[in-house]
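**Q** Structure incoming, see below.
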Amino acid sequence: MIDLRSDTVTRPTAAMRAAMASAEVGDDVFRDDPTVLALEARVAALLGKEAALFVPSGTMANQLAVRVHCPPGTELICHTGAHVYNYEGGAAALAGVQVRPIESADGLLPVESLDRAFHDHCDAHLAPTACVALENTHNACGGVALAESGVRLVASWARARNLALHLDGARLWNASAALQRPVGELAAPFDTVSVCFSKGLGAPVGSALAGSHEAIRRALRYRKALGGGMRQVGVLAAAAAHALDHHLPLLVHDHRRARVLAEALVATPGLTCDLTRVQTNLVYFGTEAGHPFGALDASGRPALVGLLAERGVLITGSATRLRAVLHLDIDDAALGEVLAALTSLRSR
């Protein structure tokens, strides 16, 4: 099967497995795993921050940032489609933090909407705003890379009100490749930044949170409280380091293949795709109203999901939106098979 459900389905390459097998390890709870410490120092330098912390998942990285920046009873402002709001199991509630979402088409937060959402400490009825979070690339908005000018506007607005800024950069590597800008420049406006190694970079596990020494000191304590203290985890940090060494340059090929797939979708009767939103490795698309591709099967999936699965291609989707994700395990030959499957559907 050609699996386009997510870039999290990638499997370690033989070279990555070899790097994992030969990794020097220690006990990371005692903070003496040399491979982890080297990775953290490298990520901090890449992102232009003082320190970084290796964690099991992007969700944990984001939630550590929430705890660092937001005392219980305060509020986090983010986008309506943000991962930290929708896909982290309501974890902000575990920290006693309220989330106030804002809608926009591009993943940014319009200043006029921020003005309406902001709460200061003057009214005891309201949870005061403590932090603003952005996501780059923005998954729910189609995998778009945030416009740097828009990020600067949000950052300026937040700084004027003494608010913290966090960036969910799970796919910041993709944003860097798409915008042709160093990740450190994209991370610069933020107090903390999370990045993921198990999506486009193809590592099996792991994310990191970067920020000031003080922010990471506090995050380390919260990581332990959330069960994220790991022991000989250098075997996983070695996979992340190998990905940084060898897989970063490959992201542009994922983006190129995503564009080819999107154009093939546009050329398929019954399917729609906004090509302006296909900027990185995520391809969101839909079905035309009344077309059989959109009819729901017994499990509630659009018929197209099953039709492609019959042809060896896995995607995800709902009645209103479908998604295909290009990643390290999809080469040009595999993409050709996907295009062939689409061609066969056109002749049905």
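Starting from 1 in every chain, residues are counted up; chains themselves are A, B, ... following the order of the structure tokens, and ligands are numbered from 1 as listed.
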Identify all residues of region 115-283 of chain A in alpha helix (DSSP H) (DSSP on the backbone) and supply them as a PyMOL selection string.

**A** chain A and resi 115-117+148-160+172-179+183-187+213-225+234-246+251-266

**Q** Pick out the residues sitting within 9 Å of Leu76 (chain A), and hand them over as a count of residues only; count only C-alpha atoms, and ignore anything fewer than 3 positions along from it in its own chain.

**A** 15

**Q** Could you state the separation of CA of Leu153 (chain A) and CA of Gly58 (chain A) in Å, given to one decimal place?

**A** 25.5 Å

**Q** Gly142 (chain A): which residues within 8 Å, counting only C-alpha atoms, same-chain residues fewer than 4 positions away excluded, as a list in words?

**A** His138, Arg277, Val278, Leu282, Val283 and Tyr284 of chain A

**Q** Please, which residues in region 51-98 of chain A fall within 12 Å of region 160-177 of chain A when counting only C-alpha atoms, and what is the closest atom pair and distance in Å to one decimal for each, ordered by chain then residue number, as a Markdown table?

**A**
```
| residue | atom | partner | partner_atom | distance |
| --- | --- | --- | --- | --- |
| A:Ser57 | CA | A:Ala170 | CA | 9.6 |
| A:Gly58 | CA | A:Ala170 | CA | 6.5 |
| A:Thr59 | CA | A:Asp168 | CA | 9.3 |
| A:Met60 | CA | A:Asp168 | CA | 11.1 |
| A:Ala61 | CA | A:Asp168 | CA | 8.5 |
| A:Asn62 | CA | A:Asp168 | CA | 6.6 |
| A:Gln63 | CA | A:Asp168 | CA | 10.2 |
| A:Leu64 | CA | A:His166 | CA | 10.6 |
| A:Ala65 | CA | A:His166 | CA | 7.0 |
| A:Val66 | CA | A:His166 | CA | 8.2 |
| A:Arg67 | CA | A:His166 | CA | 11.3 |
| A:Val68 | CA | A:Ala164 | CA | 9.6 |
| A:His69 | CA | A:Ala164 | CA | 6.3 |
| A:Cys70 | CA | A:Ala164 | CA | 8.5 |
| A:Pro71 | CA | A:Ala164 | CA | 11.7 |
| A:Thr74 | CA | A:Leu163 | CA | 11.4 |
| A:Glu75 | CA | A:Leu163 | CA | 10.7 |
| A:Leu76 | CA | A:Ala164 | CA | 9.5 |
| A:Ile77 | CA | A:Leu165 | CA | 9.8 |
| A:Cys78 | CA | A:His166 | CA | 9.7 |
| A:His79 | CA | A:Asp168 | CA | 11.3 |
| A:Ala82 | CA | A:Asp168 | CA | 8.7 |
| A:His83 | CA | A:Asp168 | CA | 8.1 |
| A:Val84 | CA | A:Asp168 | CA | 7.9 |
| A:Tyr85 | CA | A:Asp168 | CA | 11.2 |
```

**Q** Just want the 12 Å neighbourhood of Glu112 (chain A), counted on only C-alpha atoms, with same-chain residues fewer than 3 positions away dropped. Output as a list in words.

**A** Ile102, Glu103, Ser104, Leu108, Leu109, Asp115, Arg116, Ala117, Phe118, Leu153, Val154 and Trp157 of chain A

**Q** Could those residues be written to a file, using N, CA and C atoms, as a PDB file, in the first residue's frame?

**A**
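Everything below was put into out.pdb:
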```
ATOM      1  N   ILE A 102      -9.211  31.960  17.523  1.00  0.00           N
ATOM      2  CA  ILE A 102      -9.522  33.021  16.561  1.00  0.00           C
ATOM      3  C   ILE A 102      -9.502  32.424  15.164  1.00  0.00           C
ATOM      4  N   GLU A 103     -10.452  32.815  14.338  1.00  0.00           N
ATOM      5  CA  GLU A 103     -10.565  32.289  12.976  1.00  0.00           C
ATOM      6  C   GLU A 103      -9.811  33.184  12.003  1.00  0.00           C
ATOM      7  N   SER A 104      -9.192  32.543  11.004  1.00  0.00           N
ATOM      8  CA  SER A 104      -8.636  33.261   9.859  1.00  0.00           C
ATOM      9  C   SER A 104      -8.423  32.255   8.746  1.00  0.00           C
ATOM     10  N   LEU A 108      -2.803  32.913  10.377  1.00  0.00           N
ATOM     11  CA  LEU A 108      -2.363  34.034  11.185  1.00  0.00           C
ATOM     12  C   LEU A 108      -3.517  34.551  12.042  1.00  0.00           C
ATOM     13  N   LEU A 109      -3.207  35.452  12.966  1.00  0.00           N
ATOM     14  CA  LEU A 109      -4.222  35.999  13.867  1.00  0.00           C
ATOM     15  C   LEU A 109      -4.352  37.489  13.599  1.00  0.00           C
ATOM     16  N   ASP A 115      -7.324  42.064  19.304  1.00  0.00           N
ATOM     17  CA  ASP A 115      -7.817  43.140  20.174  1.00  0.00           C
ATOM     18  C   ASP A 115      -9.116  42.733  20.867  1.00  0.00           C
ATOM     19  N   ARG A 116      -9.999  42.085  20.117  1.00  0.00           N
ATOM     20  CA  ARG A 116     -11.283  41.669  20.703  1.00  0.00           C
ATOM     21  C   ARG A 116     -11.101  40.532  21.704  1.00  0.00           C
ATOM     22  N   ALA A 117     -10.117  39.669  21.471  1.00  0.00           N
ATOM     23  CA  ALA A 117      -9.934  38.493  22.326  1.00  0.00           C
ATOM     24  C   ALA A 117      -9.141  38.789  23.587  1.00  0.00           C
ATOM     25  N   PHE A 118      -8.346  39.847  23.567  1.00  0.00           N
ATOM     26  CA  PHE A 118      -7.428  40.123  24.674  1.00  0.00           C
ATOM     27  C   PHE A 118      -8.169  40.497  25.955  1.00  0.00           C
ATOM     28  N   LEU A 153       3.636  41.107  12.757  1.00  0.00           N
ATOM     29  CA  LEU A 153       2.534  41.907  13.286  1.00  0.00           C
ATOM     30  C   LEU A 153       1.979  41.312  14.570  1.00  0.00           C
ATOM     31  N   VAL A 154       1.781  39.988  14.564  1.00  0.00           N
ATOM     32  CA  VAL A 154       1.274  39.317  15.770  1.00  0.00           C
ATOM     33  C   VAL A 154       2.270  39.468  16.912  1.00  0.00           C
ATOM     34  N   TRP A 157       2.197  42.946  18.339  1.00  0.00           N
ATOM     35  CA  TRP A 157       0.977  43.138  19.140  1.00  0.00           C
ATOM     36  C   TRP A 157       1.148  42.500  20.517  1.00  0.00           C
TER      37      TRP A 157
END
```

**Q** What's around Thr316 (chain A) at 6 Å? Count only C-alpha atoms, leave out sequence neighbours fewer than 5 positions away in its own chain, and write the answer as a VMD selection string.

**A** chain A and resid 5 322 to 323

**Q** Could you write out the selected residues, including N, CA and C atoms, as a tab-separated table (two decimals), in the first residue's frame?

**A**
```tsv
chain	number	residue	atom	x	y	z
A	5	ARG	N	-1.63	8.83	4.30
A	5	ARG	CA	-2.47	9.32	5.39
A	5	ARG	C	-1.80	10.43	6.19
A	322	LEU	N	-10.75	15.98	2.24
A	322	LEU	CA	-9.86	14.84	2.12
A	322	LEU	C	-8.42	15.33	2.18
A	323	ARG	N	-7.49	14.42	2.57
A	323	ARG	CA	-6.10	14.82	2.69
A	323	ARG	C	-5.16	13.72	2.22
```

**Q** For Ser318 (chain A), please output as a list in words all residues within 8 Å (counting only C-alpha atoms; exclusion window: fewer than 5 positions along the same chain).

**A** Gly300, Arg301 and Pro302 of chain A

**Q** Under the rule of at most 12 Å, produce a per-residue listing of region 101-159 of chain A near region 241-260 of chain A: chain, number, name, the closest pair of atoms, and the distance in Å, as JSON lines, using only C-alpha atoms.

**A**
```
{"residue": "A:Gly142", "atom": "CA", "partner": "A:Ala258", "partner_atom": "CA", "distance": 11.6}
{"residue": "A:Gly143", "atom": "CA", "partner": "A:His255", "partner_atom": "CA", "distance": 10.3}
{"residue": "A:Val144", "atom": "CA", "partner": "A:His255", "partner_atom": "CA", "distance": 11.2}
{"residue": "A:Ala145", "atom": "CA", "partner": "A:His255", "partner_atom": "CA", "distance": 11.9}
```

**Q** Enumerate the residues of region 226-285 of chain A with a DSSP assignment of strand (DSSP E), computed from the backbone, and present them as a ChimeraX atom specification.

**A** /A:271-272,282-285

**Q** Determine the nearest neighbour of Leu261 (chain A) from the options A:Ala91, A:Asp7, A:Ala52, A:Ala340, counting only C-alpha atoms.

**A** A:Ala340

**Q** Give me the residues near region 303-305 of chain A as a list of chain:residue names, where near means some atom within 7 Å (using only C-alpha atoms) and where sequence neighbours in that chain fewer than 4 positions away do not count.

**A**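 The residues that qualify are A:Phe293, A:Gly294, A:Ala295, A:Leu296, A:Asp297, A:Ala309, A:Ile315, A:Thr316.
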
**Q** Once you have the residues from the selection above, write them out as a PDB file, in the first residue's frame, restricted to C-alpha atoms.

**A**
```
ATOM      1  CA  PHE A 293     -16.785  10.234  -5.000  1.00  0.00           C
ATOM      2  CA  GLY A 294     -18.309  12.106  -2.085  1.00  0.00           C
ATOM      3  CA  ALA A 295     -21.025   9.563  -1.251  1.00  0.00           C
ATOM      4  CA  LEU A 296     -20.479   8.143   2.237  1.00  0.00           C
ATOM      5  CA  ASP A 297     -19.899   4.427   2.701  1.00  0.00           C
ATOM      6  CA  ALA A 309      -7.646   1.873  -1.086  1.00  0.00           C
ATOM      7  CA  ILE A 315      -5.673   8.691   2.274  1.00  0.00           C
ATOM      8  CA  THR A 316      -7.781  10.181   5.053  1.00  0.00           C
TER       9      THR A 316
END
```
